[in-house]
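Trainee: Have a look at the structure that comes next, please.
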Amino acid sequence: MIAVRKLPARYAPIVMPFVLSILMTAVVSVISTLRSLGATPAFLATWPGAWALSWLVAFPTLLIVLPLVRWIVASVVAAPSQPVR
């Protein structure tokens, strides 16, 4: 088995939106491109560019809005109760 070095925990606030933006833009751009072009050879030629453009917008947007989203979620979701010691 190959040992993979993990990034330090301080990078989590960047890695999480990075991975989320890759996955979400891939799914949304596949659906959107398929809906526009259908399952044709043009889809295979068009989708990578559509995905790249959507990711270039989504990743910085996530970095900017994620603190606001965390605040909104914290304001509408009860904090977990602390166990009694």
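Going through the structure tokens in order, the chains are called A, B, and so on, while each chain numbers its residues from 1 and the ligands are numbered from 1 in the order shown.
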Within 8 Å of Val30 of chain A, counting only C-alpha atoms, which residues qualify if same-chain residues fewer than 3 places away don't, as a VMD selection string?

Mentor: chain A and resid 26 to 27 33 to 34 47 51

Trainee: Would you mind exporting the chosen residues as a CSV table (one decimal), in the first residue's frame, restricted to all heavy atoms?

Mentor:
chain,number,residue,atom,x,y,z
A,26,ALA,N,-19.0,19.6,-11.6
A,26,ALA,CA,-19.0,18.5,-12.5
A,26,ALA,C,-20.4,18.0,-12.7
A,26,ALA,O,-20.9,17.8,-13.9
A,26,ALA,CB,-18.1,17.4,-12.0
A,27,VAL,N,-21.2,17.8,-11.6
A,27,VAL,CA,-22.5,17.2,-11.8
A,27,VAL,C,-23.4,18.2,-12.5
A,27,VAL,O,-24.2,17.8,-13.4
A,27,VAL,CB,-23.1,16.9,-10.3
A,27,VAL,CG1,-24.6,16.6,-10.4
A,27,VAL,CG2,-22.3,15.7,-9.7
A,33,THR,N,-25.1,20.4,-19.8
A,33,THR,CA,-24.6,20.2,-21.1
A,33,THR,C,-25.4,19.1,-21.8
A,33,THR,O,-25.7,19.2,-23.0
A,33,THR,CB,-23.1,19.9,-21.1
A,33,THR,OG1,-22.4,20.9,-20.4
A,33,THR,CG2,-22.5,19.8,-22.5
A,34,LEU,N,-25.7,18.0,-21.1
A,34,LEU,CA,-26.5,16.9,-21.6
A,34,LEU,C,-27.9,17.5,-22.0
A,34,LEU,O,-28.4,17.1,-23.1
A,34,LEU,CB,-26.7,15.8,-20.6
A,34,LEU,CG,-25.6,14.7,-20.6
A,34,LEU,CD1,-25.8,13.7,-19.5
A,34,LEU,CD2,-25.5,14.0,-22.0
A,47,TRP,N,-18.4,19.6,-22.9
A,47,TRP,CA,-18.5,19.5,-21.4
A,47,TRP,C,-17.2,19.9,-20.7
A,47,TRP,O,-17.3,20.7,-19.7
A,47,TRP,CB,-18.9,18.1,-21.0
A,47,TRP,CG,-18.9,18.0,-19.5
A,47,TRP,CD1,-19.8,18.6,-18.6
A,47,TRP,CD2,-17.9,17.4,-18.7
A,47,TRP,NE1,-19.4,18.3,-17.3
A,47,TRP,CE2,-18.3,17.6,-17.3
A,47,TRP,CE3,-16.8,16.6,-18.9
A,47,TRP,CZ2,-17.5,17.1,-16.3
A,47,TRP,CZ3,-16.0,16.1,-17.9
A,47,TRP,CH2,-16.4,16.3,-16.6
A,51,TRP,N,-17.4,22.7,-17.8
A,51,TRP,CA,-17.1,22.4,-16.4
A,51,TRP,C,-16.0,23.3,-15.9
A,51,TRP,O,-16.1,23.9,-14.8
A,51,TRP,CB,-16.6,21.0,-16.3
A,51,TRP,CG,-16.0,20.7,-14.9
A,51,TRP,CD1,-16.7,20.6,-13.7
A,51,TRP,CD2,-14.6,20.7,-14.6
A,51,TRP,NE1,-15.8,20.5,-12.7
A,51,TRP,CE2,-14.5,20.5,-13.2
A,51,TRP,CE3,-13.4,20.9,-15.3
A,51,TRP,CZ2,-13.3,20.5,-12.5
A,51,TRP,CZ3,-12.2,20.8,-14.7
A,51,TRP,CH2,-12.1,20.6,-13.3

Trainee: Write down as a VMD selection string the residues belonging to chain A that are assigned helix (DSSP H, G or I) by DSSP computed on the backbone.

Mentor: chain A and resid 9 to 37 41 to 76

Trainee: Give me, as JSON lines, each residue of segment 8-43 of chain A that comes within 8 Å of segment 53-60 of chain A, together with its shortest interatomic pair and the distance in Å at one decimal, counting only C-alpha atoms, with rows ordered by chain and rising residue number.

Mentor:
{"residue": "A:Pro17", "atom": "CA", "partner": "A:Phe59", "partner_atom": "CA", "distance": 6.5}
{"residue": "A:Phe18", "atom": "CA", "partner": "A:Phe59", "partner_atom": "CA", "distance": 6.1}
{"residue": "A:Ser21", "atom": "CA", "partner": "A:Phe59", "partner_atom": "CA", "distance": 5.4}
{"residue": "A:Ile22", "atom": "CA", "partner": "A:Trp55", "partner_atom": "CA", "distance": 6.4}
{"residue": "A:Thr25", "atom": "CA", "partner": "A:Trp55", "partner_atom": "CA", "distance": 5.8}
{"residue": "A:Ser29", "atom": "CA", "partner": "A:Ser54", "partner_atom": "CA", "distance": 7.4}

Trainee: Do you have the atom CA of Ala12 of chain A-atom CA of Val77 of chain A distance handy?

Mentor: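 That distance, rounded to one decimal, is 22.2 Å.
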
Trainee: Could you state the separation of atom CA of Ile14 of chain A and atom CA of Trp71 of chain A in Å, given to one decimal place?

Mentor: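 Pair atom CA of Ile14 of chain A / atom CA of Trp71 of chain A returns 17.4 Å.
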